[in-house]
Structures are given as structure tokens and as C-alpha cells.
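See below for my_file_38.txt, which holds compact mmCIF, C-alpha atoms and all ligand atoms.
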# COMPACT_ATOMS: atom_id res chain seq x y z
CA MET Q 1321 3.38 -9.46 -18.99
CA THR Q 1322 4.10 -12.56 -16.90
CA LEU Q 1323 2.31 -15.92 -17.03
CA HIS Q 1324 -0.72 -16.43 -14.82
CA SER Q 1325 1.24 -19.00 -12.85
CA VAL Q 1326 -0.87 -20.74 -10.23
CA PRO Q 1327 0.90 -22.02 -7.10
CA ALA Q 1328 0.11 -25.72 -6.61
CA ALA Q 1329 -1.23 -25.07 -3.09
CA LYS Q 1330 -3.93 -22.77 -4.48
CA ARG Q 1331 -5.14 -25.15 -7.16
CA ALA Q 1332 -7.11 -27.60 -5.03
CA ILE Q 1333 -8.51 -29.17 -8.18
CA PRO Q 1334 -8.63 -32.97 -7.93
CA ALA Q 1335 -7.07 -34.56 -11.04
CA THR Q 1336 -10.06 -36.79 -11.78
CA GLY Q 1337 -12.60 -36.80 -14.64
CA VAL Q 1338 -12.62 -33.61 -16.68
CA ASN Q 1339 -10.48 -31.92 -14.03
CA ALA Q 1340 -7.53 -34.06 -15.13
CA LEU Q 1341 -7.36 -31.72 -18.12
CA TYR Q 1342 -6.62 -28.77 -15.88
CA ASP Q 1343 -2.95 -29.73 -15.70
CA ARG Q 1344 -2.60 -28.93 -19.41
CA VAL Q 1345 -3.61 -25.32 -18.89
CA SER Q 1346 -2.77 -24.59 -15.25
CA LYS Q 1347 0.05 -22.23 -16.31
CA VAL Q 1348 -2.28 -19.96 -18.24
CA ILE Q 1349 -5.71 -20.39 -16.62
CA PRO Q 1350 -6.04 -19.47 -12.93
CA SER Q 1351 -7.64 -22.27 -10.87
CA VAL Q 1352 -10.53 -19.97 -9.87
CA GLU Q 1353 -11.58 -19.79 -13.54
CA TRP Q 1354 -11.50 -23.53 -14.16
CA PRO Q 1355 -14.95 -24.33 -12.62
CA VAL Q 1356 -16.45 -21.94 -15.22
CA PHE Q 1357 -14.93 -23.93 -18.09
CA ALA Q 1358 -15.12 -27.52 -16.78
CA PRO Q 1359 -18.90 -28.22 -17.29
CA ASP Q 1360 -18.79 -27.06 -20.94
CA ILE Q 1361 -15.62 -29.04 -21.61
CA GLU Q 1362 -17.20 -32.19 -20.15
CA ALA Q 1363 -20.38 -31.70 -22.21
CA ILE Q 1364 -18.41 -31.02 -25.42
CA LEU Q 1365 -16.26 -34.14 -25.02
CA LYS Q 1366 -19.43 -36.23 -24.59
CA LEU Q 1367 -21.19 -34.60 -27.56
CA LYS Q 1368 -18.14 -35.20 -29.76
CA ARG Q 1369 -18.35 -38.93 -29.05
CA GLU Q 1370 -22.11 -39.04 -29.63
CA ARG Q 1371 -21.94 -37.11 -32.92
CA ASN Q 1372 -18.66 -38.63 -34.20
CA ALA Q 1373 -17.37 -35.07 -34.39
CA VAL Q 1374 -13.92 -33.52 -34.49
CA ILE Q 1375 -12.99 -30.03 -33.45
CA LEU Q 1376 -10.36 -28.26 -35.54
CA GLY Q 1377 -8.85 -25.50 -33.39
CA HIS Q 1378 -6.86 -22.63 -34.87
CA ASN Q 1379 -3.71 -21.45 -33.07
CA TYR Q 1380 -5.52 -18.22 -32.07
CA GLN Q 1381 -8.18 -19.98 -30.01
CA THR Q 1382 -8.09 -19.49 -26.25
CA PRO Q 1383 -6.24 -22.18 -24.23
CA GLU Q 1384 -9.37 -23.89 -22.84
CA ILE Q 1385 -10.54 -24.48 -26.45
CA PHE Q 1386 -7.09 -25.13 -27.90
CA HIS Q 1387 -5.84 -27.55 -25.24
CA CYS Q 1388 -9.01 -29.05 -23.76
CA VAL Q 1389 -11.52 -29.77 -26.57
CA SER Q 1390 -9.69 -29.50 -29.93
CA ASP Q 1391 -8.72 -32.73 -31.70
CA ILE Q 1392 -6.45 -31.05 -34.22
CA VAL Q 1393 -4.75 -27.70 -33.77
CA GLY Q 1394 -2.62 -25.69 -36.17
CA ASP Q 1395 -2.47 -22.96 -38.77
CA SER Q 1396 -4.86 -22.57 -41.71
CA LEU Q 1397 -2.82 -24.96 -43.83
CA ALA Q 1398 -2.75 -27.72 -41.20
CA LEU Q 1399 -6.48 -27.35 -40.54
CA ALA Q 1400 -7.27 -27.53 -44.28
CA ARG Q 1401 -5.10 -30.63 -44.66
CA GLU Q 1402 -6.71 -32.27 -41.68
CA ALA Q 1403 -10.19 -31.39 -42.90
CA ALA Q 1404 -9.33 -33.19 -46.14
CA ARG Q 1405 -8.46 -36.43 -44.37
CA THR Q 1406 -10.82 -36.73 -41.39
CA ASP Q 1407 -13.34 -39.58 -41.27
CA ALA Q 1408 -15.56 -37.86 -38.68
CA ASP Q 1409 -19.19 -37.15 -39.64
CA VAL Q 1410 -19.16 -33.66 -38.16
CA ILE Q 1411 -16.42 -31.02 -38.20
CA VAL Q 1412 -16.62 -28.11 -35.81
CA LEU Q 1413 -14.36 -25.25 -36.81
CA ALA Q 1414 -13.02 -23.41 -33.78
CA GLY Q 1415 -11.71 -20.57 -35.90
CA VAL Q 1416 -13.26 -18.16 -38.39
CA HIS Q 1417 -15.81 -18.48 -41.18
CA PHE Q 1418 -13.41 -18.83 -44.11
CA MET Q 1419 -11.76 -21.79 -42.35
CA ALA Q 1420 -15.13 -23.50 -41.97
CA GLU Q 1421 -15.91 -22.84 -45.64
CA THR Q 1422 -12.58 -24.39 -46.64
CA ALA Q 1423 -13.40 -27.46 -44.54
CA LYS Q 1424 -16.84 -27.69 -46.19
CA LEU Q 1425 -15.34 -27.36 -49.69
CA LEU Q 1426 -13.14 -30.35 -48.91
CA ASN Q 1427 -16.00 -32.30 -47.29
CA PRO Q 1428 -19.18 -31.54 -49.21
CA GLU Q 1429 -20.96 -34.59 -47.73
CA LYS Q 1430 -20.12 -33.80 -44.11
CA THR Q 1431 -21.68 -31.43 -41.66
CA VAL Q 1432 -19.33 -28.52 -40.98
CA LEU Q 1433 -20.32 -26.25 -38.11
CA ILE Q 1434 -19.11 -22.79 -37.15
CA PRO Q 1435 -20.15 -21.91 -33.58
CA ASP Q 1436 -20.71 -18.23 -34.41
CA LEU Q 1437 -21.58 -17.07 -37.92
CA ARG Q 1438 -20.19 -13.62 -37.19
CA ALA Q 1439 -16.62 -14.94 -36.79
CA GLY Q 1440 -15.35 -13.23 -39.94
CA CYS Q 1441 -12.04 -11.75 -41.09
CA SER Q 1442 -11.10 -8.26 -42.30
CA LEU Q 1443 -9.13 -9.79 -45.18
CA ALA Q 1444 -12.09 -11.86 -46.38
CA GLU Q 1445 -14.23 -8.70 -46.20
CA SER Q 1446 -11.79 -6.72 -48.36
CA ILE Q 1447 -12.57 -8.33 -51.72
CA THR Q 1448 -15.43 -9.78 -53.78
CA GLY Q 1449 -15.65 -12.12 -56.74
CA ALA Q 1450 -16.45 -9.10 -58.96
CA ASP Q 1451 -13.17 -7.45 -57.87
CA VAL Q 1452 -11.25 -10.55 -58.98
CA ARG Q 1453 -12.99 -10.53 -62.37
CA LEU Q 1454 -11.98 -6.87 -62.85
CA LEU Q 1455 -8.37 -7.68 -61.97
CA ARG Q 1456 -8.34 -10.47 -64.53
CA GLN Q 1457 -9.52 -7.99 -67.18
CA ARG Q 1458 -6.77 -5.61 -66.16
CA TYR Q 1459 -4.01 -8.26 -66.17
CA PRO Q 1460 -5.08 -10.78 -68.82
CA GLY Q 1461 -3.46 -14.19 -68.51
CA VAL Q 1462 -1.86 -13.48 -65.11
CA PRO Q 1463 -2.76 -16.28 -62.66
CA VAL Q 1464 -4.67 -15.40 -59.50
CA VAL Q 1465 -3.29 -16.78 -56.23
CA THR Q 1466 -5.80 -16.31 -53.44
CA TYR Q 1467 -5.04 -16.42 -49.73
CA VAL Q 1468 -7.42 -18.81 -47.96
CA ASN Q 1469 -8.60 -15.85 -45.85
CA THR Q 1470 -11.33 -15.17 -48.45
CA SER Q 1471 -14.91 -16.21 -49.17
CA ALA Q 1472 -15.71 -19.26 -51.31
CA GLU Q 1473 -16.99 -16.80 -53.94
CA VAL Q 1474 -13.51 -15.25 -54.25
CA LYS Q 1475 -11.79 -18.64 -54.22
CA ALA Q 1476 -14.08 -19.67 -57.08
CA GLU Q 1477 -12.61 -16.89 -59.24
CA SER Q 1478 -9.03 -17.98 -58.48
CA ASP Q 1479 -6.51 -20.32 -60.07
CA ILE Q 1480 -5.07 -21.58 -56.80
CA CYS Q 1481 -5.22 -20.82 -53.08
CA CYS Q 1482 -2.38 -20.37 -50.63
CA THR Q 1483 -1.85 -19.85 -46.92
CA SER Q 1484 0.87 -17.91 -45.17
CA GLY Q 1485 2.61 -21.28 -44.64
CA ASN Q 1486 2.92 -22.16 -48.33
CA ALA Q 1487 2.51 -18.89 -50.29
CA LYS Q 1488 6.05 -18.86 -51.73
CA ALA Q 1489 5.90 -22.53 -52.73
CA VAL Q 1490 2.46 -22.04 -54.33
CA ILE Q 1491 3.56 -19.00 -56.35
CA GLU Q 1492 6.74 -20.68 -57.53
CA SER Q 1493 4.87 -23.88 -58.42
CA LEU Q 1494 3.08 -22.01 -61.22
CA GLY Q 1495 6.23 -21.49 -63.30
CA VAL Q 1496 5.27 -17.94 -64.36
CA ASP Q 1497 6.97 -14.53 -64.09
CA ARG Q 1498 3.99 -12.67 -62.64
CA VAL Q 1499 1.05 -13.47 -60.36
CA ILE Q 1500 -1.84 -11.58 -58.84
CA MET Q 1501 -1.88 -12.30 -55.10
CA LEU Q 1502 -5.05 -11.53 -53.14
CA PRO Q 1503 -6.18 -9.99 -50.88
CA ASP Q 1504 -3.49 -9.24 -48.27
CA GLU Q 1505 -1.24 -6.42 -49.40
CA TYR Q 1506 1.35 -7.06 -46.69
CA LEU Q 1507 1.53 -10.83 -47.18
CA ALA Q 1508 1.93 -10.24 -50.93
CA LYS Q 1509 4.73 -7.73 -50.36
CA ASN Q 1510 6.49 -9.94 -47.83
CA ILE Q 1511 6.39 -12.91 -50.21
CA ALA Q 1512 7.49 -10.71 -53.14
CA ALA Q 1513 10.65 -9.96 -51.17
CA GLU Q 1514 11.46 -13.70 -51.09
CA THR Q 1515 10.86 -14.66 -54.72
CA LYS Q 1516 11.83 -13.61 -58.23
CA VAL Q 1517 8.19 -13.83 -59.32
CA GLN Q 1518 6.59 -10.40 -59.71
CA VAL Q 1519 3.62 -10.08 -57.36
CA ILE Q 1520 0.64 -7.82 -58.06
CA ALA Q 1521 -1.09 -7.10 -54.74
CA TRP Q 1522 -4.58 -6.07 -53.59
CA HIS Q 1523 -5.15 -3.63 -50.72
CA GLY Q 1524 -6.64 -5.91 -48.03
CA ARG Q 1525 -5.22 -5.78 -44.50
CA CYS Q 1526 -5.51 -7.89 -41.39
CA GLU Q 1527 -6.96 -5.58 -38.75
CA VAL Q 1528 -4.89 -7.32 -36.05
CA HIS Q 1529 -1.46 -7.41 -37.70
CA GLU Q 1530 -1.58 -3.99 -39.36
CA ARG Q 1531 -1.63 -2.41 -35.89
CA PHE Q 1532 1.95 -3.53 -35.11
CA GLU Q 1533 4.53 -0.85 -35.86
CA VAL Q 1534 8.31 -0.77 -36.14
CA ASP Q 1535 8.53 1.36 -32.98
CA ASP Q 1536 6.66 -1.35 -31.04
CA ILE Q 1537 9.36 -3.87 -31.94
CA ARG Q 1538 12.19 -1.48 -31.10
CA ARG Q 1539 10.58 -0.66 -27.74
CA LEU Q 1540 10.18 -4.36 -26.99
CA ARG Q 1541 13.84 -5.01 -27.79
CA ARG Q 1542 14.91 -2.18 -25.46
CA ALA Q 1543 12.60 -3.32 -22.65
CA HIS Q 1544 13.48 -7.02 -22.99
CA PRO Q 1545 17.15 -7.30 -24.00
CA GLY Q 1546 17.98 -10.40 -26.03
CA VAL Q 1547 14.35 -11.10 -26.94
CA THR Q 1548 13.80 -13.10 -30.15
CA VAL Q 1549 11.12 -11.48 -32.32
CA LEU Q 1550 8.84 -13.69 -34.43
CA ALA Q 1551 6.32 -12.02 -36.74
CA HIS Q 1552 3.42 -13.17 -38.88
CA PRO Q 1553 3.70 -12.24 -42.59
CA GLU Q 1554 0.39 -10.33 -42.36
CA CYS Q 1555 2.47 -7.63 -40.58
CA SER Q 1556 3.81 -4.77 -42.70
CA PRO Q 1557 7.10 -5.38 -44.56
CA ALA Q 1558 8.75 -2.80 -42.27
CA VAL Q 1559 7.71 -4.79 -39.19
CA ALA Q 1560 8.71 -8.07 -40.84
CA ALA Q 1561 12.16 -6.60 -41.56
CA GLU Q 1562 12.61 -5.89 -37.83
CA ALA Q 1563 11.83 -9.50 -36.86
CA ASP Q 1564 14.30 -12.37 -36.41
CA PHE Q 1565 11.90 -14.78 -38.09
CA VAL Q 1566 8.73 -14.39 -40.17
CA GLY Q 1567 6.31 -17.28 -40.54
CA SER Q 1568 2.78 -18.60 -40.29
CA THR Q 1569 1.33 -19.35 -36.87
CA GLN Q 1570 2.58 -22.93 -37.21
CA GLY Q 1571 5.94 -21.66 -38.47
CA MET Q 1572 6.29 -19.63 -35.26
CA THR Q 1573 5.27 -22.59 -33.09
CA ASP Q 1574 7.84 -24.79 -34.82
CA TYR Q 1575 10.52 -22.11 -34.49
CA VAL Q 1576 10.01 -21.96 -30.71
CA SER Q 1577 10.21 -25.77 -30.39
CA ARG Q 1578 13.26 -25.99 -32.63
CA GLU Q 1579 15.33 -23.00 -31.49
CA HIS Q 1580 14.20 -22.79 -27.88
CA PRO Q 1581 14.88 -19.04 -27.42
CA ALA Q 1582 15.25 -18.00 -23.78
CA ARG Q 1583 12.94 -15.02 -24.31
CA VAL Q 1584 10.56 -14.58 -27.21
CA VAL Q 1585 7.83 -12.28 -28.46
CA LEU Q 1586 5.22 -13.30 -31.02
CA ILE Q 1587 4.07 -10.39 -33.17
CA THR Q 1588 0.62 -11.82 -33.80
CA GLU Q 1589 -2.68 -12.55 -32.03
CA CYS Q 1590 -2.49 -12.83 -28.21
CA SER Q 1591 -3.67 -16.38 -27.62
CA MET Q 1592 -0.75 -17.85 -29.58
CA SER Q 1593 1.67 -17.13 -26.73
CA ASP Q 1594 -0.62 -18.68 -24.10
CA ASN Q 1595 -1.03 -21.81 -26.20
CA ILE Q 1596 2.68 -22.29 -26.84
CA ALA Q 1597 3.75 -21.27 -23.34
CA VAL Q 1598 1.92 -24.28 -21.94
CA GLN Q 1599 4.43 -26.56 -23.67
CA HIS Q 1600 7.49 -24.42 -22.88
CA PRO Q 1601 7.43 -23.46 -19.19
CA ASP Q 1602 11.14 -22.57 -19.30
CA ILE Q 1603 10.78 -19.95 -22.07
CA GLU Q 1604 9.86 -16.38 -21.18
CA PHE Q 1605 7.06 -15.09 -23.44
CA VAL Q 1606 6.77 -11.33 -23.75
CA ARG Q 1607 3.18 -10.53 -24.69
CA PRO Q 1608 2.06 -7.48 -26.57
CA CYS Q 1609 -1.64 -8.14 -26.88
CA ASN Q 1610 -3.60 -7.65 -30.12
CA LEU Q 1611 -6.83 -9.65 -30.05
CA CYS Q 1612 -8.62 -10.87 -33.16
CA PRO Q 1613 -12.25 -10.02 -32.32
CA HIS Q 1614 -13.46 -12.60 -34.84
CA MET Q 1615 -11.48 -15.49 -33.38
CA LYS Q 1616 -12.65 -14.44 -29.93
CA ARG Q 1617 -16.31 -14.89 -30.89
CA ILE Q 1618 -15.72 -18.62 -30.52
CA THR Q 1619 -16.26 -19.74 -26.93
CA LEU Q 1620 -16.86 -23.04 -25.13
CA PRO Q 1621 -20.61 -22.38 -24.61
CA LYS Q 1622 -20.98 -21.66 -28.35
CA ILE Q 1623 -19.09 -24.83 -29.31
CA ARG Q 1624 -21.34 -26.79 -26.94
CA ARG Q 1625 -24.46 -25.22 -28.44
CA ALA Q 1626 -23.18 -25.91 -31.98
CA LEU Q 1627 -22.89 -29.62 -31.18
CA GLU Q 1628 -26.20 -29.76 -29.30
CA THR Q 1629 -28.21 -28.05 -32.04
CA MET Q 1630 -25.99 -28.86 -35.07
CA THR Q 1631 -25.72 -25.17 -35.97
CA HIS Q 1632 -24.47 -23.21 -37.80
CA ALA Q 1633 -24.03 -25.61 -40.70
CA ILE Q 1634 -21.99 -24.21 -43.59
CA GLU Q 1635 -23.71 -24.38 -46.99
CA ILE Q 1636 -22.06 -23.28 -50.24
CA ASP Q 1637 -23.80 -22.78 -53.57
CA PRO Q 1638 -22.67 -25.77 -55.69
CA ALA Q 1639 -21.88 -23.49 -58.66
CA ILE Q 1640 -19.37 -21.65 -56.46
CA ALA Q 1641 -18.21 -24.71 -54.53
CA ALA Q 1642 -16.88 -26.62 -57.56
CA PRO Q 1643 -14.36 -24.01 -58.80
CA ALA Q 1644 -13.50 -22.94 -55.23
CA ARG Q 1645 -12.76 -26.58 -54.31
CA ARG Q 1646 -10.47 -26.90 -57.33
CA ALA Q 1647 -8.43 -23.89 -56.16
CA VAL Q 1648 -8.09 -25.30 -52.62
CA GLU Q 1649 -7.28 -28.84 -53.80
CA ARG Q 1650 -4.69 -27.51 -56.22
CA MET Q 1651 -3.02 -25.77 -53.27
CA LEU Q 1652 -2.99 -28.97 -51.21
CA GLN Q 1653 -1.06 -30.71 -54.00
CA VAL Q 1654 1.83 -28.23 -53.70
CA LYS Q 1655 4.59 -29.59 -51.50
CA ALA Q 1656 5.49 -27.17 -48.69
CA ARG Q 1657 7.03 -27.69 -45.22
P1 LIG Q 1701 -2.11 -18.88 -40.28
O1 LIG Q 1701 -2.41 -19.60 -41.54
O2 LIG Q 1701 -0.68 -18.49 -40.13
O3 LIG Q 1701 -2.60 -19.67 -39.10
O4 LIG Q 1701 -2.87 -17.49 -40.29
C1 LIG Q 1701 -4.25 -17.39 -40.27
C2 LIG Q 1701 -4.67 -16.08 -39.84
O5 LIG Q 1701 -5.82 -15.74 -39.90
C3 LIG Q 1701 -3.64 -15.18 -39.34
O6 LIG Q 1701 -4.17 -13.98 -39.00
FE1 LIG Q 1702 -8.50 -12.35 -40.21
FE2 LIG Q 1702 -6.53 -11.03 -39.04
FE3 LIG Q 1702 -8.35 -12.25 -37.53
FE4 LIG Q 1702 -6.56 -13.68 -38.93
S1 LIG Q 1702 -6.15 -12.30 -37.23
S2 LIG Q 1702 -8.77 -14.07 -38.78
S3 LIG Q 1702 -6.35 -12.43 -40.76
S4 LIG Q 1702 -8.72 -10.53 -38.92

Transcribe the structure of this file into C-alpha cells.
Ligand code: 13P
Ligand code: SF4
Amino acid sequence: MTLHSVPAAKRAIPATGVNALYDRVSKVIPSVEWPVFAPDIEAILKLKRERNAVILGHNYQTPEIFHCVSDIVGDSLALAREAARTDADVIVLAGVHFMAETAKLLNPEKTVLIPDLRAGCSLAESITGADVRLLRQRYPGVPVVTYVNTSAEVKAESDICCTSGNAKAVIESLGVDRVIMLPDEYLAKNIAAETKVQVIAWHGRCEVHERFEVDDIRRLRRAHPGVTVLAHPECSPAVAAEADFVGSTQGMTDYVSREHPARVVLITECSMSDNIAVQHPDIEFVRPCNLCPHMKRITLPKIRRALETMTHAIEIDPAIAAPARRAVERMLQVKAR
């Protein structure tokens, strides 16, 4: 698929006020669509000032959210780190529910808003706190490393959290021979291939990344000779083995900036390519499109409504929050990247 490139003559958008932001996204948003976004963007920027709010935008958010209203963008690890250090009164999480919960764990006194409560995650749905307790009975003494893509209840049962950006460093920081790694089976297997630590996996899957198959990659390589293939570690180990690089969403972004491949394909959620392409007009992005329906529940009108009405505020039972916070904070102390 090619970029929605918009010839300058057709833009006719004066670069004043909120419209000045259009230049950031003109390569991926046709000028006819801009008037739909501009009023919400203007309102959100004003509300952020009035509420002393920041918007943390995940790499899978659509370009008008990612480039025009987010204060901080990045992968789950970067957003958690930023949530831990912000001095804003209000945090709006343009991402999914577990990310907002992580931000709330790190900021119990602040208001953390998720614009749509239904923005979930198939990995977070795949496991409960009771499942973790059963695993502990089955493997006594084996530490539990929990991917941040889980509920606070599951984090509360864990020794330490990890993200796809620091999973290997977290596991190796424990100084043990064996860990239980929850809940993503593929992430656990991909990390197991990189470390001597034995990894006991759960059977959770990301509904977006599990759809990619080895044949898709081979077809892409045939159709786009010389293409560099970057894959997220939530893909199956077979798909990861076909890729030139495997990394978190931020890892992929950094790879593109560092290596500057002429032609690249990101085996992950669709919006990533749009967001990176804006900064790299000279790189050709090949785009197989798998949408995360949960990430796509977040829209500009919902962010605007969240700031107008201060909903939906994340609340976590204090009995769960204390141990869950410990697991997240322990992760943030591990040096990675
Ligand atoms: P990252 O931590 O790589 O951003 O991944 C989060 C996620 O949900 C990927 O599907
Ligand atoms: Fe969850 Fe997969 Fe969506 Fe990421 S892409 S939020 S892991 S369902």
C-alpha cells in the first residue's frame, strides 16, 4: 500500500492556529479529512491547559492522536516510565486499559483517565489472579514475571512486571534458573530463545500478532524485494525467526531511525507505520494491516469527552494496588535500553 500523499496544491489548509499542526500529518491524513479532526484537536489542546493534563499516546494510536494531541508517545515501557515522572494533575491514556491501570498504580494521587473503558487486550483477558496462584502451587518457589499487558489483579500476584522492551533484562535480573512468564506464550518463547533462563509460559495470545504467519512474510519478501522485516515479539517464534529484527514498538521505531532501511515492513499493528512514516518520508513502508480493535476504540471525540467530563477515572482496590505497584516499580528499577 502506498502513503496517502497529498499534493500541496490540493491541501489549501492555511498554516495558522490548529491548522499549523496539519503539516505534521499531511503525508498520512488526506486534507479533506483534516476539517473533521481540527475542532477536536483544538478543544483537546485547550482542555489540557485548563486541567493541567498530559496525554500519553501509545505507538498504535492513529496519527491525529499520536502526532497532534499526545505529549508523550512510545511503547508500554516508555509510557510507564513517563507516568512515573509526570507532574501533571491529570493523565489521559491514549492506549488500552492495562496501560491506564499501570499509570494509576504509579500515580495513586492523580486522576488517570481512559477515554473508553472497553479498550481492553486479549492478553489481559487470558489470565486471572486465581490462575497465577495455581501456577505458584504447581511451581513452588519459581518467580512470576508478568507482562504489563495484564490486569492489576494479576500484577498483584506477581514478583515483577516486564514489557516487550525489557523482558530479557528483567528475567536475567532475578539471578534464577527458572521463571514463570505470563501471559503471552509467544513473547515467553521468543525471550526463552535469547536467554539461558528456563521460561515456563502461559497460553495467552495477542489477537493481532497471532494472525501473522510465516507465509505472509515470505510473500511480502517476494512482492517487495530487499524489504527489511521488523516483527513484534508477540508474533509466533516461527514468524520472529523470519524477521530481520524483533523488538518492542519502540525498538522498531529506533531501528528505523538508526538503520534507515530503504524499504521496510512492520509486522505489528497498522498505525505504527503511519506514525513512523511521517518522520521518514524517504523510506518506503510496506503495510500489511492488522488493526488492534481495542486501541482503535480511542478516538479524538472520546479524548475530548474524557477531559470535559473527567471520565473514565481509573480506580484500583488499595489491597490490589499495593502489591501490583511493587511489581511495576521493581520492573522500573531494572536497567534496560
Ligand atoms: P509495546 O510495549 O511494544 O508497545 O507493546 C504493547 C502492545 O500492546 C503490543 O501489542
Ligand atoms: Fe493487546 Fe494485542 Fe491489542 Fe497490544 S495489539 S493491546 S497485545 S490485543

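Considering the residues Q:Ala1439, Q:Ile1500, Q:Leu1433, Q:Val1517 and counting all atoms listed in the file, ligand LIG 1702 (chain Q) has its shortest atom-to-atom contact with Q:Ala1439.
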
Handout entry: Surrounding residues as a list in words, ligand LIG 1702 (chain Q), max 7 Å, only C-alpha atoms and all ligand atoms
Key = Val1416, Gly1440, Cys1441, Ser1442, Leu1443, Asn1469, Cys1526, Glu1527, Val1528, His1529, Glu1589, Cys1612, Pro1613, His1614 and Met1615 of chain Q

Handout entry: From Q:Gly1546, Q:Gly1394, Q:Gly1377, Q:Pro1359, residue lying nearest ligand LIG 1701 (chain Q) [only C-alpha atoms and all ligand atoms]
Key = Q:Gly1394

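Here the question is which of Q:Asp1602, Q:Asp1407, Q:Asp1594, Q:Glu1554 gets nearest to ligand LIG 1701 (chain Q) using all atoms listed in the file, and that residue is Q:Glu1554.
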
Handout entry: Close residues, Glu1514 (chain Q) itself excluded, 8 Å, all atoms listed in the file, min 3 positions apart in chain, as a VMD selection string
Key = chain Q and resid 1488 1510 to 1511

Completion exercise
Closest of Q:Lys1616, Q:Arg1371, Q:Arg1538, Q:Arg1456 to Lys1430 (chain Q), counting all atoms listed in the file, is Q:Arg1371

Practice task
Identify, on the basis of all atoms listed in the file, every residue whose closest approach to Lys1655 (chain Q) does not exceed 9 Å; exclude the query and any residue fewer than 2 positions from it along the same chain; express the result as a VMD selection string.
Solution key: chain Q and resid 1486 1489 to 1490 1493 1651 to 1653 1657

Practice task
Go through Q:Cys1555, Q:Ala1626, Q:Val1389, Q:Ile1634 and flag the residue nearest ligand LIG 1701 (chain Q), using all atoms listed in the file for the distances.
Solution key: Q:Cys1555

As lines of an AutoDock Vina configuration file: centre and edge lengths in Å, one decimal, of the axis-aligned box holding region 1422-1441 of chain Q with 3 Å per side:
center_x = -16.9
center_y = -23.2
center_z = -41.6
size_x = 15.6
size_y = 28.8
size_z = 22.1

Handout entry: Residues within 6 Å of ligand LIG 1701 (chain Q), counting only C-alpha atoms and all ligand atoms, as an MDAnalysis selection string
Key = chainID Q and resid 1395:1397 1483:1484 1568:1569

Using C-alpha atoms, can you export the residues from the last selection as a compact mmCIF listing (two decimals), in the coordinates of the input?
# COMPACT_ATOMS: atom_id res chain seq x y z
CA ASP Q 1395 -2.47 -22.96 -38.77
CA SER Q 1396 -4.86 -22.57 -41.71
CA LEU Q 1397 -2.82 -24.96 -43.83
CA THR Q 1483 -1.85 -19.85 -46.92
CA SER Q 1484 0.87 -17.91 -45.17
CA SER Q 1568 2.78 -18.60 -40.29
CA THR Q 1569 1.33 -19.35 -36.87

Practice task
For CA of Val1452 (chain Q) and CA of Glu1477 (chain Q), quote the distance in Å rounded to one decimal.
Solution key: 6.5 Å

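Minimum atom-to-atom distances from Q:Ile1587, Q:Val1598, Q:Leu1376, Q:Val1462 to Asp1343 (chain Q) were compared using all atoms listed in the file, and the lowest value belongs to Q:Val1598.
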
Handout entry: Separation of CA of Pro1503 (chain Q) from CA of His1523 (chain Q), in Å and rounded to one decimal
Key = 6.4 Å

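Taking CA of Glu1604 (chain Q) as the reference point, CA of His1378 (chain Q) is found at 22.5 Å.
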
Problem - Neighbour residues at most 10 Å from (-0.5, -8.2, -66.3) (all atoms listed in the file) as a PyMOL selection string - result: chain Q and resi 1455-1463+1498-1500+1518+1520
